Every structure is written in structure tokens, then in C-alpha cells.
Amino acid sequence: MSFLRRRSATPAGPDFDVLAMDPGDWPGNLGAGLLPAPDGSCQGVFLRYDLFGGRGPAMIIGNLPEGSPAREVVEGEIPFEVAQLLLALENEEEVTVVGSEDVPVMQGDNLLIVRRLKLSESRISCVQFDRSDNVLVTIAAWDRPITDDLYALLKPLPAELFQQS
């Protein structure tokens with residue numbers, strides 16, 4: 001995917017393109033979080049889409065570059081984005097990964113190998129895929145399935161969204 005490249009100039013936010021849904025296309029509230037490293041570099045970005053009017057997020061989309069500590073999970077442990085979803089929902093139930101399957105999905109002209117995670121909490125849907133620039137995208141949704149239609153809505157967001165004023 002040619003549009004998913006490392007930026008040459010370092011913006012105030014992440015130094016990689018963030019793939020997510022355009023906030024203008026989302027009818028609810030949107031929040032974004034950056035995962036800073038001790039040296040000030042960005043170790044990841046996650047976007048929280050709240051469709052429930054402040055009662056909790058419907059979806060969290062994370063973009064974690066290669067080397068991000070948030071990518072390092074032991075087998076059976078939930079991804080960072082699922083943990084953030086549970087935290088935002090104030091759900092303290094212990095959730096684990098109980099299985100996964102790889103599924104091919106088309107995004108425009110590009111083929112993605114999407115890993116669908118099966119979790120012990122059935123109300124959470126979670127998928128992951130690696131981009132051509134080695135950024136791991138994870139989508140975690142509460143109480144709604146993640147369908148192939150969602151991948152068509154994903155696009156790089158402008159760097160200005162993540163720059164500090």
C-alpha cells in the first residue's frame with residue numbers, strides 16, 4: 001500500500017501514517033491517544049470511537065509501529081486495544097485470547113491477511129493486520145461484529161490531527 005509509508009519529516013505526533021476511520025464520517029464522539037516513549041517518540045496511536053453518547057466506546061483502533069512495547073504480548077494475553085476498551089467500559093472482567101484465525105480481506109486493490117481473535121468475552125470483536133510499513137493495526141469493538149465493510153472505511157488520517165498546538 002503506497003500511501004502507508006514512513007514520513008520523512010518528524011511531526012509533533014506520530015512519525016507514521018495512522019490508518020483509521022475519518023472522524024468526520026463518525027456520528028459519535030472521537031478521542032485519540034498517543035503512546036509516548038521516554039525519548040519523546042511516538043510508540044503508537046489509538047483512536048476511541050464513542051457511538052453511545054458518552055456511555056462507553058463502540059470501537060478502538062490502534063496503530064502500533066514495529067518496536068512498540070504495546071505490541072509485545074504473551075500468548076493468550078489480550079492486545080493493548082482490548083485492554084483499553086475494557087478500561088473505558090469500566091469492565092474489570094478477566095479476558096483472554098482463546099483462539100485466532102487468519103482470513104483474507106480485500107481493502108480496495110490490496111489484500112490483507114486479517115487475524116480474527118477469539119476472546120473469552122464474546123461481546124468483544126477483535127481483528128489485527130500488519131500494514132506494508134510494519135505498523136500493526138488492531139480493531140476492538142464492543143457488542144458489534146467487525147465486518148468486511150469496515151476495511152473500506154479505513155484510510156490514512158492527516159498528520160495535523162495529531163500535532164500539538
# chains A, B, ... in the order shown; residues from 1 in each chain; ligands from 1

$ residues_around --residues "segment 19-35 of chain A" --least-positions-apart "4" --cutoff "8 Å" --atoms "only C-alpha atoms" --output "CSV table (one decimal) with N, CA, C and O atoms, in the first residue's frame"
chain,number,residue,atom,x,y,z
A,13,GLY,N,3.4,14.7,16.3
A,13,GLY,CA,2.7,13.5,16.7
A,13,GLY,C,3.5,12.3,16.2
A,13,GLY,O,4.7,12.2,16.3
A,14,PRO,N,2.8,11.3,15.7
A,14,PRO,CA,3.5,10.0,15.3
A,14,PRO,C,4.3,10.3,14.0
A,14,PRO,O,3.9,11.1,13.2
A,42,CYS,N,6.9,8.7,19.3
A,42,CYS,CA,5.5,8.1,19.4
A,42,CYS,C,5.6,6.6,19.2
A,42,CYS,O,6.1,6.1,18.2
A,43,GLN,N,5.2,5.8,20.2
A,43,GLN,CA,5.2,4.3,20.1
A,43,GLN,C,3.8,3.8,19.7
A,43,GLN,O,3.7,2.5,19.7
A,44,GLY,N,2.9,4.6,19.4
A,44,GLY,CA,1.6,4.1,18.9
A,44,GLY,C,0.5,5.2,19.1
A,44,GLY,O,0.7,6.2,19.8
A,45,VAL,N,-0.6,5.0,18.3
A,45,VAL,CA,-1.7,5.8,18.4
A,45,VAL,C,-2.9,5.0,18.5
A,45,VAL,O,-3.0,3.9,17.8
A,46,PHE,N,-3.9,5.3,19.4
A,46,PHE,CA,-5.1,4.6,19.4
A,46,PHE,C,-6.3,5.6,19.3
A,46,PHE,O,-6.2,6.7,19.9
A,47,LEU,N,-7.3,5.3,18.6
A,47,LEU,CA,-8.5,6.2,18.4
A,47,LEU,C,-9.7,5.5,19.0
A,47,LEU,O,-9.9,4.3,18.8
A,48,ARG,N,-10.4,6.2,19.8
A,48,ARG,CA,-11.6,5.7,20.5
A,48,ARG,C,-12.8,6.3,19.9
A,48,ARG,O,-13.0,7.5,20.0
A,49,TYR,N,-13.7,5.5,19.3
A,49,TYR,CA,-14.9,5.9,18.7
A,49,TYR,C,-16.0,5.6,19.6
A,49,TYR,O,-16.3,4.5,19.9
A,50,ASP,N,-16.7,6.7,20.1
A,50,ASP,CA,-17.8,6.5,21.1
A,50,ASP,C,-19.1,6.8,20.4
A,50,ASP,O,-19.4,7.9,20.0
A,51,LEU,N,-19.9,5.8,20.1
A,51,LEU,CA,-21.2,5.9,19.5
A,51,LEU,C,-22.3,5.9,20.5
A,51,LEU,O,-23.5,6.2,20.1
A,52,PHE,N,-22.0,5.7,21.7
A,52,PHE,CA,-23.0,5.6,22.8
A,52,PHE,C,-23.3,6.8,23.6
A,52,PHE,O,-23.7,6.7,24.7
A,53,GLY,N,-23.0,8.0,23.1
A,53,GLY,CA,-23.3,9.2,23.8
A,53,GLY,C,-22.6,9.4,25.1
A,53,GLY,O,-23.2,9.8,26.1
A,54,GLY,N,-21.3,9.0,25.2
A,54,GLY,CA,-20.6,9.2,26.4
A,54,GLY,C,-20.7,8.0,27.4
A,54,GLY,O,-20.2,8.0,28.5
A,61,ILE,N,-9.4,1.7,17.6
A,61,ILE,CA,-8.5,1.3,16.5
A,61,ILE,C,-7.1,1.8,16.9
A,61,ILE,O,-6.9,2.9,17.2
A,63,ASN,N,-2.8,1.8,16.1
A,63,ASN,CA,-1.7,1.7,15.2
A,63,ASN,C,-0.4,1.7,15.9
A,63,ASN,O,-0.1,2.7,16.6
A,137,VAL,N,-2.2,-2.8,13.0
A,137,VAL,CA,-3.5,-2.2,13.2
A,137,VAL,C,-4.3,-3.2,13.9
A,137,VAL,O,-4.4,-4.4,13.5
A,153,LEU,N,-13.7,1.6,5.0
A,153,LEU,CA,-13.7,2.9,5.6
A,153,LEU,C,-12.4,3.4,6.1
A,153,LEU,O,-12.2,4.5,6.5
A,154,LEU,N,-11.4,2.5,6.2
A,154,LEU,CA,-10.1,2.8,6.8
A,154,LEU,C,-9.3,3.6,5.8
A,154,LEU,O,-9.2,3.2,4.6
A,155,LYS,N,-8.7,4.7,6.3
A,155,LYS,CA,-7.8,5.5,5.4
A,155,LYS,C,-6.8,6.2,6.3
A,155,LYS,O,-7.0,6.4,7.5
A,156,PRO,N,-5.7,6.7,5.7
A,156,PRO,CA,-4.7,7.5,6.5
A,156,PRO,C,-5.3,8.8,6.9
A,156,PRO,O,-6.0,9.5,6.1
A,157,LEU,N,-5.1,9.1,8.2
A,157,LEU,CA,-5.6,10.4,8.7
A,157,LEU,C,-4.5,11.4,8.6
A,157,LEU,O,-3.4,11.1,8.7

$ select_by_dssp --residues "chain A" --states "strand (DSSP E or B)" --output "NGL selection string"
:A and (6 or 16 or 18-21 or 29-36 or 42-50 or 59-64 or 97-107 or 110-119 or 124-130 or 136-142 or 154-157)

$ atom_distance --atom1 "atom CA of Ile146 of chain A" --atom2 "atom CA of Pro79 of chain A"
16.0 Å

$ closest_atom_pairs --of "segment 101-145 of chain A" --to "segment 80-91 of chain A" --cutoff "9 Å" --atoms "only C-alpha atoms" --output "JSON lines"
{"residue": "A:Ile124", "atom": "CA", "partner": "A:Val82", "partner_atom": "CA", "distance": 8.0}
{"residue": "A:Ser125", "atom": "CA", "partner": "A:Val82", "partner_atom": "CA", "distance": 9.0}
{"residue": "A:Cys126", "atom": "CA", "partner": "A:Val82", "partner_atom": "CA", "distance": 7.5}
{"residue": "A:Thr138", "atom": "CA", "partner": "A:Glu81", "partner_atom": "CA", "distance": 6.8}
{"residue": "A:Ile139", "atom": "CA", "partner": "A:Glu81", "partner_atom": "CA", "distance": 7.2}
{"residue": "A:Ala140", "atom": "CA", "partner": "A:Val82", "partner_atom": "CA", "distance": 5.7}
{"residue": "A:Ala141", "atom": "CA", "partner": "A:Leu85", "partner_atom": "CA", "distance": 7.8}
{"residue": "A:Trp142", "atom": "CA", "partner": "A:Leu85", "partner_atom": "CA", "distance": 7.7}

$ write_last_selection --atoms "N, CA, C and O atoms" --output "compact mmCIF listing (two decimals), in the first residue's frame"
# COMPACT_ATOMS: atom_id res chain seq x y z
N ILE A 124 -16.85 -8.86 22.77
CA ILE A 124 -15.75 -8.11 22.15
C ILE A 124 -15.35 -8.80 20.86
O ILE A 124 -15.07 -9.99 20.83
N SER A 125 -15.31 -8.01 19.77
CA SER A 125 -14.77 -8.47 18.50
C SER A 125 -13.40 -7.82 18.34
O SER A 125 -13.23 -6.65 18.67
N CYS A 126 -12.43 -8.59 17.84
CA CYS A 126 -11.09 -8.04 17.69
C CYS A 126 -10.42 -8.63 16.45
O CYS A 126 -10.46 -9.84 16.24
N THR A 138 -4.91 -2.79 15.06
CA THR A 138 -5.81 -3.64 15.84
C THR A 138 -7.13 -2.89 15.99
O THR A 138 -7.14 -1.71 16.34
N ILE A 139 -8.21 -3.58 15.73
CA ILE A 139 -9.55 -3.01 15.89
C ILE A 139 -10.28 -3.85 16.93
O ILE A 139 -10.39 -5.06 16.79
N ALA A 140 -10.75 -3.19 17.97
CA ALA A 140 -11.52 -3.86 19.02
C ALA A 140 -12.87 -3.17 19.11
O ALA A 140 -12.94 -1.95 19.20
N ALA A 141 -13.94 -3.94 19.05
CA ALA A 141 -15.30 -3.38 19.08
C ALA A 141 -16.10 -4.05 20.19
O ALA A 141 -15.93 -5.24 20.45
N TRP A 142 -16.97 -3.26 20.80
CA TRP A 142 -17.82 -3.77 21.88
C TRP A 142 -19.22 -4.03 21.36
O TRP A 142 -19.86 -3.15 20.79

$ residues_around --residues "Leu136 of chain A" --least-positions-apart "3" --cutoff "6 Å" --atoms "only C-alpha atoms" --output "number ranges by chain"
A: 63-64, 129-130

$ write_last_selection --atoms "N, CA, C and O atoms" --output "CSV table (one decimal), in the first residue's frame"
chain,number,residue,atom,x,y,z
A,63,ASN,N,-2.8,1.8,16.1
A,63,ASN,CA,-1.7,1.7,15.2
A,63,ASN,C,-0.4,1.7,15.9
A,63,ASN,O,-0.1,2.7,16.6
A,64,LEU,N,0.2,0.5,16.0
A,64,LEU,CA,1.5,0.4,16.7
A,64,LEU,C,2.6,0.0,15.8
A,64,LEU,O,2.6,-1.0,15.1
A,129,PHE,N,-4.2,-6.7,11.7
A,129,PHE,CA,-3.4,-6.9,10.4
A,129,PHE,C,-2.2,-6.0,10.4
A,129,PHE,O,-2.1,-5.0,11.0
A,130,ASP,N,-1.2,-6.5,9.7
A,130,ASP,CA,0.1,-5.8,9.5
A,130,ASP,C,0.0,-5.0,8.2
A,130,ASP,O,-0.4,-5.5,7.2

$ atom_distance --atom1 "atom CA of Pro57 of chain A" --atom2 "atom CA of Gly76 of chain A"
23.5 Å

$ atom_distance --atom1 "atom CA of Glu77 of chain A" --atom2 "atom CA of Thr96 of chain A"
5.5 Å

$ residues_around --residues "Lys118 of chain A" --least-positions-apart "5" --cutoff "6 Å" --atoms "only C-alpha atoms" --output "mmCIF file with N, CA, C and O atoms, in the first residue's frame"
data_model
loop_
_atom_site.group_PDB
_atom_site.id
_atom_site.type_symbol
_atom_site.label_atom_id
_atom_site.label_comp_id
_atom_site.auth_asym_id
_atom_site.auth_seq_id
_atom_site.Cartn_x
_atom_site.Cartn_y
_atom_site.Cartn_z
ATOM 1 N N VAL A 97 -7.338 -14.366 25.255
ATOM 2 C CA VAL A 97 -7.459 -14.816 23.865
ATOM 3 C C VAL A 97 -7.546 -16.335 23.898
ATOM 4 O O VAL A 97 -6.685 -17.001 24.469
ATOM 5 N N VAL A 98 -8.595 -16.884 23.289
ATOM 6 C CA VAL A 98 -8.783 -18.338 23.303
ATOM 7 C C VAL A 98 -8.535 -18.982 21.950
ATOM 8 O O VAL A 98 -8.532 -20.198 21.835
ATOM 9 N N GLY A 99 -8.311 -18.162 20.921
ATOM 10 C CA GLY A 99 -8.027 -18.699 19.596
ATOM 11 C C GLY A 99 -7.914 -17.588 18.573
ATOM 12 O O GLY A 99 -8.164 -16.415 18.880
ATOM 13 N N SER A 100 -7.508 -17.966 17.367
ATOM 14 C CA SER A 100 -7.441 -16.981 16.272
ATOM 15 C C SER A 100 -7.516 -17.707 14.944
ATOM 16 O O SER A 100 -7.251 -18.913 14.866
#

$ residues_around --residues "Pro104 of chain A" --least-positions-apart "3" --cutoff "9 Å" --atoms "only C-alpha atoms" --output "PyMOL selection string"
chain A and resi 111-115

$ select_by_dssp --residues "segment 47-118 of chain A" --states "helix (DSSP H, G or I)" --output "list in words"
Pro69, Ala70, Arg71, Phe80, Glu81, Val82, Ala83, Gln84, Leu85, Leu86, Leu87 and Ala88 of chain A

$ write_last_selection --atoms "C-alpha atoms" --output "PDB file, in the first residue's frame"
ATOM      1  CA  PRO A  69       6.310  -2.229  23.678  1.00  0.00           C
ATOM      2  CA  ALA A  70       2.490  -2.360  23.468  1.00  0.00           C
ATOM      3  CA  ARG A  71       2.862  -4.963  20.682  1.00  0.00           C
ATOM      4  CA  PHE A  80      -3.448  -3.324  24.177  1.00  0.00           C
ATOM      5  CA  GLU A  81      -6.565  -2.031  22.382  1.00  0.00           C
ATOM      6  CA  VAL A  82      -8.832  -4.636  24.003  1.00  0.00           C
ATOM      7  CA  ALA A  83      -7.412  -3.671  27.405  1.00  0.00           C
ATOM      8  CA  GLN A  84      -8.150   0.000  26.630  1.00  0.00           C
ATOM      9  CA  LEU A  85     -11.701  -0.893  25.581  1.00  0.00           C
ATOM     10  CA  LEU A  86     -12.313  -2.791  28.823  1.00  0.00           C
ATOM     11  CA  LEU A  87     -10.813   0.060  30.855  1.00  0.00           C
ATOM     12  CA  ALA A  88     -13.030   2.633  29.127  1.00  0.00           C
TER      13      ALA A  88
END

$ closest_residue --among "A:Val135, A:Gly67, A:Val103, A:Arg116" --to "Val18 of chain A" --atoms "only C-alpha atoms"
A:Val135

$ closest_residue --among "A:Ile78, A:Met59, A:Phe162, A:Asp133" --to "Leu150 of chain A" --atoms "only C-alpha atoms"
A:Met59
